[in-house]
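Raw contents of protein.txt, compact mmCIF, C-alpha atoms and all ligand atoms:
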```
# COMPACT_ATOMS: atom_id res chain seq x y z
CA MET A 436 79.30 113.99 159.21
CA LYS A 437 77.04 113.06 162.10
CA ALA A 438 77.72 109.98 164.19
CA MET A 439 76.99 108.36 167.53
CA LEU A 440 80.28 107.89 169.40
CA LEU A 441 81.32 105.45 172.09
CA GLU A 442 83.88 107.38 174.14
CA ARG A 443 84.42 105.04 177.10
CA ILE A 444 83.20 101.87 178.78
CA ALA A 445 79.85 102.43 180.50
CA ASP A 446 77.82 100.57 183.11
CA LEU A 447 74.34 100.33 181.57
CA ARG A 448 72.72 99.56 184.92
CA ARG A 449 73.42 103.16 185.88
CA GLU A 450 73.87 104.96 182.59
CA ARG A 451 71.18 104.98 179.93
CA GLU A 452 72.94 107.11 177.30
CA PRO A 453 76.32 105.48 176.64
CA LEU A 454 76.70 106.99 173.15
CA THR A 455 77.24 110.68 172.39
CA LYS A 456 75.83 112.48 169.39
CA ALA A 457 78.70 114.19 167.54
CA THR A 458 79.89 115.73 164.31
CA VAL A 459 83.17 114.23 163.10
CA PRO A 460 85.32 114.66 159.95
CA ASP A 461 84.23 112.62 156.92
CA PRO A 462 86.37 109.46 156.54
CA VAL A 463 88.64 109.15 153.49
CA PRO A 464 89.03 105.74 151.79
CA ALA A 465 92.53 104.22 151.93
CA PRO A 466 93.87 102.14 149.01
CA ARG A 467 91.49 99.28 148.14
CA GLU A 468 88.79 100.69 150.38
CA VAL A 469 85.37 102.05 149.47
CA LEU A 470 83.56 104.98 151.04
CA VAL A 471 79.95 104.12 151.91
CA ARG A 472 77.07 106.53 152.54
CA ILE A 473 75.08 104.67 155.17
CA SER A 474 71.32 104.37 155.05
CA ALA A 475 70.66 101.73 157.72
CA CYS A 476 72.57 99.97 160.49
CA GLY A 477 71.32 97.11 162.64
CA VAL A 478 71.70 97.15 166.43
CA CYS A 479 73.37 94.04 167.83
CA HIS A 480 73.77 92.57 171.31
CA THR A 481 77.54 92.69 170.70
CA GLU A 482 77.33 96.48 170.91
CA LEU A 483 76.30 95.99 174.56
CA ASP A 484 79.39 93.79 175.05
CA GLU A 485 81.56 96.58 173.61
CA ILE A 486 79.91 99.33 175.67
CA GLU A 487 80.04 97.34 178.91
CA GLY A 488 83.65 96.30 178.29
CA ARG A 489 83.33 92.55 177.75
CA THR A 490 84.84 92.96 174.27
CA PRO A 491 86.24 96.49 174.48
CA PRO A 492 87.24 98.64 171.48
CA LEU A 493 90.95 98.98 170.70
CA ARG A 494 90.70 102.78 171.02
CA PHE A 495 88.23 105.53 171.85
CA PRO A 496 86.21 107.15 170.53
CA VAL A 497 84.81 104.60 168.13
CA ILE A 498 81.66 104.59 166.01
CA PRO A 499 79.90 101.27 166.73
CA GLY A 500 77.70 99.27 164.37
CA HIS A 501 78.42 96.25 162.20
CA GLN A 502 75.25 95.56 160.19
CA VAL A 503 75.63 98.34 157.70
CA VAL A 504 73.80 99.00 154.44
CA GLY A 505 74.60 101.93 152.18
CA THR A 506 75.77 103.15 148.81
CA VAL A 507 79.32 103.40 147.48
CA VAL A 508 80.13 107.10 147.09
CA GLY A 509 83.93 106.96 146.78
CA ARG A 510 86.82 104.59 146.11
CA GLY A 511 90.39 104.51 147.31
CA GLU A 512 93.36 103.87 145.04
CA GLY A 513 93.19 100.45 143.39
CA ALA A 514 89.60 99.75 144.48
CA GLY A 515 87.70 98.36 141.51
CA ALA A 516 85.19 95.82 142.77
CA PHE A 517 82.32 98.31 143.03
CA GLN A 518 81.04 101.30 141.10
CA THR A 519 79.86 104.54 142.61
CA GLY A 520 76.16 104.07 143.36
CA ASP A 521 76.36 100.32 144.09
CA ARG A 522 74.46 99.22 147.16
CA VAL A 523 76.67 97.31 149.59
CA GLY A 524 76.60 95.81 153.05
CA VAL A 525 79.29 95.50 155.74
CA GLY A 526 79.25 92.87 158.51
CA TRP A 527 81.19 92.12 161.70
CA ILE A 528 84.40 91.19 159.86
CA PHE A 529 86.11 94.45 158.87
CA SER A 530 89.40 92.95 157.77
CA SER A 531 91.85 90.08 158.23
CA CYS A 532 95.48 89.57 157.17
CA GLY A 533 94.64 87.57 154.04
CA THR A 534 97.83 85.51 154.22
CA CYS A 535 97.82 83.34 157.37
CA GLY A 536 96.79 79.67 157.39
CA PHE A 537 93.28 80.50 158.59
CA CYS A 538 92.74 83.17 155.92
CA ARG A 539 94.02 80.85 153.21
CA ARG A 540 91.45 78.21 154.24
CA GLY A 541 88.50 80.62 154.28
CA LEU A 542 88.58 80.78 158.08
CA GLU A 543 89.41 84.48 158.24
CA ASN A 544 87.05 84.65 161.23
CA LEU A 545 89.86 82.95 163.21
CA CYS A 546 92.70 85.12 161.82
CA PRO A 547 94.94 86.54 164.58
CA GLU A 548 94.74 89.90 162.76
CA PHE A 549 90.93 89.80 162.66
CA LYS A 550 89.45 93.29 162.99
CA ALA A 551 85.82 93.89 163.84
CA THR A 552 83.64 96.59 162.32
CA GLY A 553 82.44 99.12 164.89
CA ARG A 554 84.94 97.90 167.52
CA ASP A 555 88.43 97.86 165.98
CA ALA A 556 87.42 100.24 163.17
CA ASN A 557 84.62 102.78 162.84
CA GLY A 558 81.29 101.24 161.93
CA GLY A 559 77.76 102.11 160.91
CA TYR A 560 76.27 104.37 163.61
CA GLY A 561 77.05 107.37 161.41
CA ALA A 562 76.51 108.91 158.01
CA LEU A 563 79.62 107.50 156.28
CA MET A 564 82.21 104.77 156.72
CA THR A 565 85.14 103.26 154.86
CA VAL A 566 85.77 99.53 154.51
CA PRO A 567 88.22 97.34 152.54
CA GLU A 568 86.33 96.40 149.39
CA ARG A 569 87.00 92.68 150.02
CA PHE A 570 84.77 92.98 153.05
CA ALA A 571 81.84 94.68 151.34
CA TYR A 572 79.02 92.62 149.82
CA ARG A 573 76.38 93.34 147.20
CA ILE A 574 72.90 93.45 148.67
CA PRO A 575 70.31 91.46 146.68
CA SER A 576 67.66 93.75 145.21
CA VAL A 577 64.74 91.92 146.88
CA PHE A 578 65.63 93.53 150.21
CA SER A 579 65.04 97.05 151.43
CA ASP A 580 67.96 98.65 153.30
CA SER A 581 66.35 98.03 156.70
CA GLU A 582 65.52 94.44 155.86
CA ALA A 583 69.07 93.77 154.70
CA ALA A 584 70.83 95.27 157.73
CA PRO A 585 69.99 92.57 160.32
CA LEU A 586 70.88 89.88 157.78
CA LEU A 587 74.51 91.01 157.88
CA CYS A 588 75.21 89.92 161.46
CA ALA A 589 72.26 88.17 163.03
CA GLY A 590 71.57 86.36 159.76
CA ALA A 591 75.14 85.58 158.71
CA ILE A 592 76.21 84.41 162.17
CA GLY A 593 72.97 82.42 162.44
CA TYR A 594 73.93 80.81 159.14
CA ARG A 595 77.40 79.96 160.47
CA SER A 596 75.85 78.51 163.67
CA LEU A 597 73.50 76.36 161.65
CA ARG A 598 76.40 75.12 159.49
CA LEU A 599 78.37 74.21 162.63
CA ALA A 600 75.28 72.45 164.09
CA ARG A 601 75.55 69.97 161.17
CA ILE A 602 71.92 68.87 161.32
CA GLU A 603 70.25 66.77 158.67
CA ASP A 604 66.69 67.22 157.52
CA GLY A 605 64.40 65.59 160.07
CA GLU A 606 66.77 65.96 163.03
CA ARG A 607 65.44 67.99 165.94
CA LEU A 608 66.96 71.42 166.55
CA GLY A 609 66.72 73.55 169.69
CA LEU A 610 67.17 77.31 169.84
CA THR A 611 67.81 78.73 173.28
CA GLY A 612 67.24 82.49 173.24
CA PHE A 613 65.01 83.94 170.56
CA GLY A 614 66.33 87.29 169.41
CA ALA A 615 67.36 88.61 166.02
CA SER A 616 69.69 85.73 165.11
CA ALA A 617 67.52 82.85 166.32
CA HIS A 618 64.40 84.05 164.55
CA LEU A 619 66.34 84.14 161.26
CA VAL A 620 67.73 80.65 161.94
CA LEU A 621 64.17 79.43 162.41
CA LYS A 622 63.21 80.90 159.02
CA MET A 623 66.28 79.29 157.39
CA VAL A 624 65.52 75.89 158.92
CA ARG A 625 61.89 75.97 157.75
CA HIS A 626 63.24 76.41 154.20
CA ARG A 627 66.33 74.19 154.20
CA TYR A 628 65.20 71.40 156.53
CA PRO A 629 61.43 71.19 156.11
CA ASN A 630 61.17 67.98 158.18
CA THR A 631 63.16 69.34 161.12
CA ASP A 632 61.15 70.30 164.19
CA VAL A 633 62.45 73.37 165.99
CA PHE A 634 62.17 73.70 169.77
CA VAL A 635 62.52 77.23 171.13
CA PHE A 636 63.54 78.10 174.69
CA ALA A 637 62.83 81.68 175.70
CA ARG A 638 62.00 83.32 179.01
CA GLY A 639 59.27 85.66 177.76
CA LYS A 640 55.77 84.49 176.86
CA ARG A 641 55.80 87.00 173.99
CA GLU A 642 58.99 85.53 172.51
CA GLN A 643 57.55 82.03 172.87
CA ALA A 644 54.37 83.06 171.05
CA PHE A 645 56.45 84.75 168.34
CA ALA A 646 58.45 81.52 167.88
CA ARG A 647 55.24 79.50 167.44
CA GLU A 648 53.97 82.09 164.96
CA LEU A 649 57.13 81.52 162.90
CA GLY A 650 56.70 77.75 162.88
CA ALA A 651 58.40 76.38 166.01
CA ALA A 652 57.05 72.93 166.90
CA TRP A 653 57.34 73.74 170.62
CA ALA A 654 58.25 76.77 172.71
CA GLY A 655 58.85 76.93 176.45
CA ASP A 656 60.91 78.51 179.21
CA THR A 657 64.68 77.98 179.44
CA ASP A 658 64.42 75.26 182.09
CA GLU A 659 61.37 73.44 180.71
CA THR A 660 61.89 69.93 179.33
CA PRO A 661 60.96 69.58 175.67
CA PRO A 662 58.90 66.55 174.55
CA ALA A 663 61.93 64.96 172.79
CA LYS A 664 65.75 64.99 172.98
CA LEU A 665 67.46 67.33 170.52
CA HIS A 666 70.19 66.53 167.96
CA ALA A 667 71.60 70.03 168.19
CA VAL A 668 70.94 73.21 170.12
CA ILE A 669 72.06 76.72 169.15
CA ASP A 670 72.45 79.03 172.15
CA THR A 671 72.26 82.77 171.51
CA THR A 672 71.81 83.92 175.10
CA PRO A 673 74.30 86.09 177.03
CA VAL A 674 74.22 83.87 180.16
CA TYR A 675 75.12 80.36 181.42
CA LYS A 676 71.90 78.76 182.63
CA PRO A 677 70.69 78.03 179.06
CA VAL A 678 74.02 76.28 178.32
CA VAL A 679 73.56 73.82 181.18
CA GLU A 680 69.88 73.29 180.41
CA ALA A 681 70.60 72.75 176.70
CA LEU A 682 73.23 70.08 177.44
CA LYS A 683 70.64 68.21 179.52
CA ASN A 684 68.22 68.22 176.58
CA LEU A 685 70.74 66.95 173.98
CA GLU A 686 70.34 63.57 172.33
CA SER A 687 73.38 61.22 172.58
CA GLY A 688 76.07 62.49 170.19
CA GLY A 689 74.28 65.84 170.05
CA ARG A 690 75.94 69.20 169.59
CA LEU A 691 75.61 72.46 171.48
CA ILE A 692 76.65 75.48 169.43
CA ILE A 693 77.23 78.60 171.52
CA ASN A 694 76.68 81.67 169.38
CA ALA A 695 77.77 84.43 171.75
CA ILE A 696 80.89 86.55 171.64
CA ARG A 697 80.95 86.83 175.44
CA LYS A 698 78.88 85.52 178.32
CA GLU A 699 77.92 87.81 181.18
CA SER A 700 79.15 86.63 184.57
CA VAL A 701 75.88 87.20 186.48
CA ASP A 702 74.93 83.52 186.65
CA ARG A 703 78.30 81.82 186.19
CA ASP A 704 77.65 79.79 189.36
CA TYR A 705 74.93 77.95 187.49
CA LEU A 706 77.73 75.99 185.78
CA LEU A 707 78.21 74.14 189.08
CA ASN A 708 74.97 72.30 188.26
CA LEU A 709 76.87 70.47 185.52
CA GLU A 710 76.78 66.74 186.14
CA TYR A 711 79.01 64.75 183.85
CA PRO A 712 76.60 61.84 183.21
CA LYS A 713 73.56 64.03 182.66
CA HIS A 714 75.04 66.90 180.69
CA LEU A 715 78.24 65.75 178.96
CA TRP A 716 78.56 61.99 178.70
CA MET A 717 77.37 60.10 175.58
CA GLU A 718 79.64 62.03 173.24
CA LYS A 719 77.90 65.37 173.51
CA GLU A 720 79.87 68.16 171.87
CA ILE A 721 80.16 71.87 172.63
CA LYS A 722 81.43 74.35 170.06
CA SER A 723 81.47 78.13 170.08
CA VAL A 724 80.92 80.36 167.07
CA ALA A 725 83.66 82.96 166.60
CA ASN A 726 83.00 85.93 164.36
CA VAL A 727 82.00 85.38 160.80
CA ALA A 728 83.84 84.60 157.56
CA ARG A 729 83.21 86.35 154.24
CA ARG A 730 81.74 83.13 152.91
CA ASP A 731 79.05 83.11 155.64
CA ILE A 732 77.87 86.59 154.70
CA SER A 733 77.85 86.13 150.94
CA GLU A 734 76.27 82.64 151.05
CA PHE A 735 73.69 83.73 153.55
CA LEU A 736 72.67 86.82 151.53
CA GLU A 737 72.17 84.56 148.52
CA LEU A 738 70.08 82.05 150.50
CA ALA A 739 68.08 84.82 152.15
CA ALA A 740 67.24 86.29 148.75
CA GLN A 741 66.11 82.91 147.37
CA VAL A 742 63.72 82.08 150.21
CA PRO A 743 63.31 85.06 150.77
CA ILE A 744 64.12 85.46 154.46
CA ARG A 745 62.83 88.83 155.58
CA PRO A 746 63.69 89.78 159.12
CA GLU A 747 61.09 91.33 161.38
CA TYR A 748 62.47 94.71 162.37
CA GLN A 749 61.77 97.97 164.16
CA GLU A 750 63.32 101.23 162.97
CA PHE A 751 64.82 104.00 165.10
CA PRO A 752 66.37 107.30 163.97
CA LEU A 753 70.18 107.30 164.40
CA GLU A 754 69.86 109.85 167.22
CA GLU A 755 67.83 107.30 169.21
CA ALA A 756 70.58 104.67 169.18
CA ASN A 757 70.77 104.81 172.99
CA ARG A 758 67.07 103.99 173.32
CA ALA A 759 67.41 101.06 170.88
CA LEU A 760 70.41 99.74 172.86
CA MET A 761 68.62 100.04 176.20
CA GLU A 762 65.59 98.19 174.83
CA LEU A 763 67.94 95.43 173.73
CA LYS A 764 69.58 95.43 177.17
CA GLU A 765 66.16 95.17 178.80
CA ARG A 766 65.20 92.44 176.34
CA LYS A 767 62.32 94.32 174.78
CA ILE A 768 62.84 92.36 171.63
CA ARG A 769 60.69 91.48 168.68
CA GLY A 770 62.93 90.72 165.73
CA ALA A 771 65.79 93.12 164.98
CA LYS A 772 66.37 96.82 165.67
CA VAL A 773 67.62 99.05 162.85
CA LEU A 774 68.91 102.64 162.91
CA ARG A 775 67.98 104.88 159.96
CA MET A 776 70.26 107.69 158.72
CA ASP A 777 67.62 109.34 156.56
CA ASP A 778 68.22 113.05 157.17
CA PRO A 779 71.68 114.04 155.93
ZN ZN A 801 76.36 91.50 165.65
ZN ZN A 802 94.83 85.92 158.50
```
This entry written out as structure tokens:
Amino acid sequence: MKAMLLERIADLRREREPLTKATVPDPVPAPREVLVRISACGVCHTELDEIEGRTPPLRFPVIPGHQVVGTVVGRGEGAGAFQTGDRVGVGWIFSSCGTCGFCRRGLENLCPEFKATGRDANGGYGALMTVPERFAYRIPSVFSDSEAAPLLCAGAIGYRSLRLARIEDGERLGLTGFGASAHLVLKMVRHRYPNTDVFVFARGKREQAFARELGAAWAGDTDETPPAKLHAVIDTTPVYKPVVEALKNLESGGRLIINAIRKESVDRDYLLNLEYPKHLWMEKEIKSVANVARRDISEFLELAAQVPIRPEYQEFPLEEANRALMELKERKIRGAKVLRMDDP
């Protein structure tokens, strides 16, 4: 089958084609796994973290991609949850041990044996993949393949972030960074919390305008002061300045939820601007979002189908994965980017 391979860590400031086009043997499903013929795979900022070595793969080469939509075309021994021909999705969580205390409480995102799709196991930048059937999800019929793909990471992790933000209808929510995940959170909030005003912090004028188009009450630059203090802020940026600025804008008792698997170190010095009374005192909380649990993906898909939440997306052929990644790196973002595997 054809695939785009990550063969080593790359520095994207110098190298614009980190993935190699290749033909590799078709995968074979192990017991309780399904074989999926992939039709679409979303492109996520976490792929940049893998490529640049901030969250490196366990082994090379690896096929990246963890927002996968396709059709079941084979089943391993004992796999019975899906029929051949069923449309399924795969997200960031590829597997967990299933027996530890975290797994037993539905917190398999925190399992010490957590394995990530497209990093610790081959993912969706290819024609086929295998996945444990427990970690495959039915895709509601209202979505096309390309619409469903970004829901599986950006959407599901956005859903987890919003759960952790614990806002009530009418409380003010900030979103700092306005990429694939944040724009889906904004759509979710408009549906679930109709009286909540959303304040969007983004560097680009285009992103700010896009946020207003989608119903943000206010949009400004990262260091602008919003017209009111915020009960919670969800940060989806790869850097530190927005963290400090968000803490400043929090209401007393407010929560900052950091939805980023890694932060880049370019502006780490900005943390020295932290002043305890201004940024932390008055019972402000900070919590990170780690991975995603099965519950987040299945609940979010259901919610997204009800609303329905349709992501804005741009399609690229699989072979142009490098271009899609570089556009993400250079923050040429409007909604989500999706690779298509149309030609076999
Ligand atoms: Zn992702
Ligand atoms: Zn576990």
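Based on all atoms listed in the file, the protein and nucleic acid residues found within 7 Å of ligand ZN 802 (chain A) are, by chain and then by number, Ser531, Cys532, Gly533, Thr534, Cys535, Gly536, Phe537, Cys538, Glu543, Cys546, Pro547, Glu548 and Phe549 of chain A.
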Sorted by chain and rising residue number, which residues of segment 552-597 of chain A lie within 12 Å of segment 601-607 of chain A, and what are their closest atom pairs and distances in Å to one decimal, counting only C-alpha atoms, as CSV?
```
residue,atom,partner,partner_atom,distance
A:Tyr594,CA,A:Arg601,CA,11.1
A:Arg595,CA,A:Arg601,CA,10.2
A:Ser596,CA,A:Arg601,CA,8.9
A:Leu597,CA,A:Arg601,CA,6.7
```
Can you tell me which residues sit at most 10 Å away from ligand ZN 801 (chain A), counting all atoms listed in the file, written as a PDB file with C-alpha atoms, keeping the file's coordinate frame?
```pdb
ATOM      1  CA  GLY A 477      71.320  97.110 162.640  1.00  0.00           C
ATOM      2  CA  VAL A 478      71.700  97.150 166.430  1.00  0.00           C
ATOM      3  CA  CYS A 479      73.370  94.040 167.830  1.00  0.00           C
ATOM      4  CA  HIS A 480      73.770  92.570 171.310  1.00  0.00           C
ATOM      5  CA  THR A 481      77.540  92.690 170.700  1.00  0.00           C
ATOM      6  CA  GLU A 482      77.330  96.480 170.910  1.00  0.00           C
ATOM      7  CA  LEU A 483      76.300  95.990 174.560  1.00  0.00           C
ATOM      8  CA  GLY A 500      77.700  99.270 164.370  1.00  0.00           C
ATOM      9  CA  HIS A 501      78.420  96.250 162.200  1.00  0.00           C
ATOM     10  CA  GLN A 502      75.250  95.560 160.190  1.00  0.00           C
ATOM     11  CA  GLY A 526      79.250  92.870 158.510  1.00  0.00           C
ATOM     12  CA  TRP A 527      81.190  92.120 161.700  1.00  0.00           C
ATOM     13  CA  ILE A 528      84.400  91.190 159.860  1.00  0.00           C
ATOM     14  CA  ALA A 551      85.820  93.890 163.840  1.00  0.00           C
ATOM     15  CA  THR A 552      83.640  96.590 162.320  1.00  0.00           C
ATOM     16  CA  GLY A 553      82.440  99.120 164.890  1.00  0.00           C
ATOM     17  CA  PRO A 585      69.990  92.570 160.320  1.00  0.00           C
ATOM     18  CA  LEU A 586      70.880  89.880 157.780  1.00  0.00           C
ATOM     19  CA  LEU A 587      74.510  91.010 157.880  1.00  0.00           C
ATOM     20  CA  CYS A 588      75.210  89.920 161.460  1.00  0.00           C
ATOM     21  CA  ALA A 589      72.260  88.170 163.030  1.00  0.00           C
ATOM     22  CA  GLY A 590      71.570  86.360 159.760  1.00  0.00           C
ATOM     23  CA  ALA A 591      75.140  85.580 158.710  1.00  0.00           C
ATOM     24  CA  ILE A 592      76.210  84.410 162.170  1.00  0.00           C
ATOM     25  CA  ALA A 615      67.360  88.610 166.020  1.00  0.00           C
ATOM     26  CA  SER A 616      69.690  85.730 165.110  1.00  0.00           C
ATOM     27  CA  ALA A 695      77.770  84.430 171.750  1.00  0.00           C
ATOM     28  CA  ILE A 696      80.890  86.550 171.640  1.00  0.00           C
ATOM     29  CA  ASN A 726      83.000  85.930 164.360  1.00  0.00           C
ATOM     30  CA  VAL A 727      82.000  85.380 160.800  1.00  0.00           C
TER      31      VAL A 727
END
```
Exercise for review: Figure out the distance between atom CA of Phe570 of chain A and atom CA of Leu610 of chain A, please, to one decimal in Å.
Suggested key: 28.9 Å
Practice item. Would you list the contacts of Val503 of chain A as a PyMOL selection string, taking every protein, DNA or RNA residue within 8 Å and counting only C-alpha atoms, but skipping same-chain residues closer than 5 positions in sequence? Key: chain A and resi 473-477+524-526+558-559+584+587
Please produce a file of the residues just selected, as an mmCIF file, in the frame of the given file, where the atoms kept are C-alpha atoms.
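Output (again_30.cif):
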```
data_model
loop_
_atom_site.group_PDB
_atom_site.id
_atom_site.type_symbol
_atom_site.label_atom_id
_atom_site.label_comp_id
_atom_site.auth_asym_id
_atom_site.auth_seq_id
_atom_site.Cartn_x
_atom_site.Cartn_y
_atom_site.Cartn_z
ATOM 1 C CA ILE A 473 75.080 104.670 155.170
ATOM 2 C CA SER A 474 71.320 104.370 155.050
ATOM 3 C CA ALA A 475 70.660 101.730 157.720
ATOM 4 C CA CYS A 476 72.570 99.970 160.490
ATOM 5 C CA GLY A 477 71.320 97.110 162.640
ATOM 6 C CA GLY A 524 76.600 95.810 153.050
ATOM 7 C CA VAL A 525 79.290 95.500 155.740
ATOM 8 C CA GLY A 526 79.250 92.870 158.510
ATOM 9 C CA GLY A 558 81.290 101.240 161.930
ATOM 10 C CA GLY A 559 77.760 102.110 160.910
ATOM 11 C CA ALA A 584 70.830 95.270 157.730
ATOM 12 C CA LEU A 587 74.510 91.010 157.880
#
```
Point to revise | Answer as a PyMOL selection string, residues within 9 Å of (73.4, 107.2, 177.0) using only C-alpha atoms | key: chain A and resi 445+447+450-455+756-758+761
**Study point:** All residues 9 Å or closer to segment 668-685 of chain A, only C-alpha atoms, same chain fewer than 5 positions away omitted, as a count of residues only
**Key:** 48
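Closest approach to Val523 of chain A among A:Gln749, A:Asn557, A:Asn630, A:Ser579 is made by A:Ser579 (distances from all atoms listed in the file).
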**Study point:** Counting only C-alpha atoms, the residue of A:Val633, A:Leu545, A:Val507, A:Ala667 that sits nearest Gly655 of chain A
**Key:**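 Among the listed residues, A:Val633 lies closest to Gly655 of chain A.
Atom CA of Lys622 of chain A sits 8.7 Å away from atom CA of Arg745 of chain A.
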Practice item. Please provide the set of residues having any atom within 6 Å of Tyr560 of chain A, restricted to only C-alpha atoms, with same-chain residues fewer than 6 positions apart removed, written as number ranges by chain. Key: A: 438-439, 498-500
Practice item. Using atom CA of Ile486 of chain A and atom CA of Glu750 of chain A as the two end points, give the distance in Å to one decimal. Key: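 Atom CA of Glu750 of chain A lies at a distance of 21.0 Å from atom CA of Ile486 of chain A.
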Check your understanding: Do you know which residues are at most 8 Å from Ala728 of chain A counting all atoms listed in the file, after dropping those on the same chain fewer than 3 positions away, and could you put them as a PyMOL selection string?
Key -> chain A and resi 528+541-544+731-732
**Study point:** Among listed residues A:Arg467, A:Ala652, A:Pro492, A:Pro462, nearest Arg443 of chain A (using only C-alpha atoms)
**Key:**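 Answer, going by the shortest atom-to-atom distance: A:Pro492.
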Point to revise | Cut-off 10 Å around (61.0, 85.5, 176.4) with only C-alpha atoms: residues as an MDAnalysis selection string | key: chainID A and resid 612:614 635:646 654:657 766:769
